[in-house]
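All remarks here apply to the structure that follows.
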Amino acid sequence: MGEQKRGSWIIRLVITLAVVALVIASPFIALYICFYDNGAKAVKKDPEFNASHMLQDSAVRALEEVKDKEALVFNISENDLNQMLLEANDTITNAFPTLKKFYMGANIQTGDEEYMFAASAKVANVFKTRIKFYTTLSKETINDEESLVFTIKNIKLGRVNVKSDNSTVQKVLHDDFLTSMLQQTGFSFVSDVEKNNRIYYPKSSVQKDLDIFQSKEANSFYDTVIGEFYNQELFDVSLDKNGLNGTVNLKPLHTNENYVTPIYENDADWDSLKEKTKTILESSDLTDDEGIMLYNYLIYGFDKVDADDKEFIQNLSLESIGIDDPTTYSGILLPYDGLEHPGCIVHPEKEIFDLVDHDIDVNLDDVTLPKDPAYSGREITLINEKDLSATLATSDSIGIPYLMSHRSSNGKYTVCTFTIDNMYANIYDNSIKLTIGFNINGYETYICIGAKYVNADKYNFTFNVNEIYYGEKRVSESFGNEVSNMIFEALKDDKVCSFDKKTNNLVFSIEEAFNETQKAKIDAYGFTHQVVGDTVNDEGKLVYILG
């Protein structure tokens, strides 16, 4: 009986100690059960991964299919996103040294409707946990600017749902810290978690962050084009199980019924040029800049490239693309070979000034003084659409290239291009309509400039540029400024056409075509002007008439 009592006492003691231990340990057990989380999706770091190269490769893949899709379709896979985060880990911990003891890295999981962003931490190499943000993606206006917005719908710490109200979030997260950490990835995210449970990406950051289209030649123009895609709401972002997708719909840029009626198209063999570039890239170890120098040379020829480029080109072996002596190659932009000019003999130079000068000689040589009514109403000279288009077609702006290349694992290259490949003019309704063909790897888009006739003095027609479109879309101010620079560069050496960037005036001046005797006849007879052209499909002209 004594032994039985002693046994019961021992059992009660054990139970009591167990209960005490459980009471003491329960917070730690609860902590472990609730907050321990070692379920981070394993992402193996790719030692060859480079975020800049990945973005370039994505851009090249998008350009390859642009003709078929009539769109640029970019994809950054879930793995790519996680590789970018792995790349940023060292940068983040170096920027925030106190994190080194705890921070284990971050990862993203994508789905059809929701993202999950997780950051992992450890304490004393024993206790591991994760904070997980479940977000959706949308477009919203923040601070008067359209932004991509990741809205936090829920937060989990370990296995526990943390109600994502402001008070809870403010205790755990701070916007300054989150913004700084997020921007270590290279993208200009802004945290607005404390007040509005969101992280957003402003539209103005697109050009700054996405440098994948920067070019050696005229890079500001190409950067502005990419920004314009976004400004015109052609750039759409979606997420699904394949990752982050960006789509630029190019259909609205392909035509404009009031402008696009091709009078002159550059018939250079751009596809052959890309193949030649690819051949040299595959046989040579060239940098991206050197590839652009090669492509520029193949367009313009040896005489028109910069001195530094000439030195580089002379050291290339180009026999495989049919060029035995690089210094004698003249490019693919051949001199304009003439469009029939009504009523006169086309001079070999085929510039508007020469045509105007010839018109004046022919039509004034039998005009006598004093004034003879029989000559009233005679056309002294005219500039028609084909003449103006001929001048534009041979401007230095034609052929301005940007090359993007991608080398696959088997050493083969894909070559994609942006090129200004033609310019032409329509004259009608007291206006001049200039159209610029902007070729995106074989898919033609058009930049359209409208200039309204405002006045004419004795020898000058003046038109004011009052509208600029990219396809059907009226352009932003920054894009319009780049187009104005393009017009100025195209006409800066022309004797008849000029463009004033300050006033946006396009001026046609023929004063230099008249000698003093001809000017005296003009003064005696009088001089009137007409802008002729009823519709965009008629052959319009600028006409100078006696009387």
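Ordering of the structure tokens sets the chain letters (A, B, ...); residue numbers start at 1 within each chain; ligands are numbered from 1 in the order shown.
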Non-local contacts of Tyr201 (chain A) (8 Å; only C-alpha atoms; under 6 positions in same chain excluded) as a ChimeraX atom specification: /A:147-149,188-190
Could you list, with a cut-off of 10 Å and counting only C-alpha atoms, the residues of region 375-448 of chain A near region 222-240 of chain A, each shown with its nearest atom pair and the distance in Å rounded to one decimal, rows sorted by chain and ascending number, as a tab-separated table?
residue	atom	partner	partner_atom	distance
A:Pro401	CA	A:Tyr222	CA	9.9
A:Tyr402	CA	A:Tyr222	CA	8.4
A:Phe418	CA	A:Tyr222	CA	8.6
Could the residues in this selection be saved with C-alpha atoms as an mmCIF file, in the first residue's frame?
data_model
loop_
_atom_site.group_PDB
_atom_site.id
_atom_site.type_symbol
_atom_site.label_atom_id
_atom_site.label_comp_id
_atom_site.auth_asym_id
_atom_site.auth_seq_id
_atom_site.Cartn_x
_atom_site.Cartn_y
_atom_site.Cartn_z
ATOM 1 C CA PRO A 401 19.916 52.807 -87.298
ATOM 2 C CA TYR A 402 19.728 51.051 -84.000
ATOM 3 C CA PHE A 418 14.946 50.109 -85.571
#
Polymer residues at most 10 Å from Thr327 (chain A), only C-alpha atoms, same-chain spacing of 3 or more positions, as a ChimeraX atom specification: /A:301-303,310,313-314,323-324,330
Counting only C-alpha atoms, the residue of A:Ile155, A:Val415, A:Val193, A:Leu382 that sits nearest Ile280 (chain A):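 Among A:Ile155, A:Val415, A:Val193, A:Leu382, it is A:Val415 that comes nearest to Ile280 (chain A).
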What does the distance between CA of Gly291 (chain A) and CA of Phe479 (chain A) come to in Å, to one decimal place?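 We find that CA of Gly291 (chain A) and CA of Phe479 (chain A) lie 26.9 Å from each other.
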Polymer residues at most 10 Å from Thr394 (chain A), only C-alpha atoms, same-chain spacing of 3 or more positions, as a PyMOL selection string: chain A and resi 266+333-336+351+389-391+397-399+422-423+490
Pick out the closest residue to Asn515 (chain A) from this set: A:Leu72, A:Met54, A:Ile360, A:Ile321. Count only C-alpha atoms.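 Among the listed residues, A:Ile360 lies closest to Asn515 (chain A).
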So how many Å separate CA of Leu81 (chain A) and CA of Asn245 (chain A), to one decimal?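 Answer for the CA of Leu81 (chain A) to CA of Asn245 (chain A) separation: 11.6 Å.
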How close does region 178-290 of chain A get to region 443-457 of chain A? List, as CSV, each residue of region 178-290 of chain A within 8 Å, its nearest atom pair and the distance in Å to one decimal, counting only C-alpha atoms.
residue,atom,partner,partner_atom,distance
A:Leu250,CA,A:Thr445,CA,7.7
A:Leu253,CA,A:Thr445,CA,5.3
A:His254,CA,A:Thr445,CA,4.3
A:Thr255,CA,A:Tyr446,CA,6.3
A:Asn256,CA,A:Tyr446,CA,7.8
A:Tyr259,CA,A:Cys448,CA,6.5
A:Val260,CA,A:Tyr446,CA,7.4
Grab the residues selected above and save them as a JSON list (two decimals), in the first residue's frame with N, CA and C atoms.
[["chain", "number", "residue", "atom", "x", "y", "z"],
["A", 250, "LEU", "N", 1.20, 47.76, -81.46],
["A", 250, "LEU", "CA", 1.70, 48.67, -82.49],
["A", 250, "LEU", "C", 0.67, 48.98, -83.58],
["A", 253, "LEU", "N", -0.17, 52.48, -84.49],
["A", 253, "LEU", "CA", 0.94, 53.28, -85.02],
["A", 253, "LEU", "C", 1.24, 52.95, -86.48],
["A", 254, "HIS", "N", 0.52, 51.98, -87.02],
["A", 254, "HIS", "CA", 0.84, 51.45, -88.34],
["A", 254, "HIS", "C", 0.35, 52.34, -89.48],
["A", 255, "THR", "N", -0.69, 53.13, -89.23],
["A", 255, "THR", "CA", -1.23, 53.94, -90.31],
["A", 255, "THR", "C", -1.95, 55.16, -89.74],
["A", 256, "ASN", "N", -2.26, 56.10, -90.62],
["A", 256, "ASN", "CA", -3.08, 57.26, -90.29],
["A", 256, "ASN", "C", -3.73, 57.67, -91.61],
["A", 259, "TYR", "N", -2.69, 60.80, -93.55],
["A", 259, "TYR", "CA", -1.30, 61.04, -93.89],
["A", 259, "TYR", "C", -0.68, 59.93, -94.73],
["A", 260, "VAL", "N", -0.92, 58.69, -94.35],
["A", 260, "VAL", "CA", -0.11, 57.59, -94.88],
["A", 260, "VAL", "C", -0.63, 57.16, -96.26]]
Give me the residues within 7 Å of region 363-372 of chain A as a ChimeraX atom specification, counting only C-alpha atoms and dropping any in the same chain fewer than 6 places off. /A:380,518,521,524-525
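Proximity to Val543 (chain A) was assessed for A:Gln530, A:Thr261, A:Asn466, A:Gln56 counting only C-alpha atoms; the smallest distance is recorded for A:Gln530.
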Using DSSP on the backbone coordinates, identify all residues within region 270-393 of chain A classified as alpha helix (DSSP H); present the result as a VMD selection string. chain A and resid 270 to 283 288 to 300 307 to 314 352 to 364 385 to 393
Given only C-alpha atoms as the counted atoms, nearest of A:Tyr115, A:Phe187, A:Tyr297, A:Phe312 to Leu85 (chain A):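 Nearest to Leu85 (chain A): A:Phe187.
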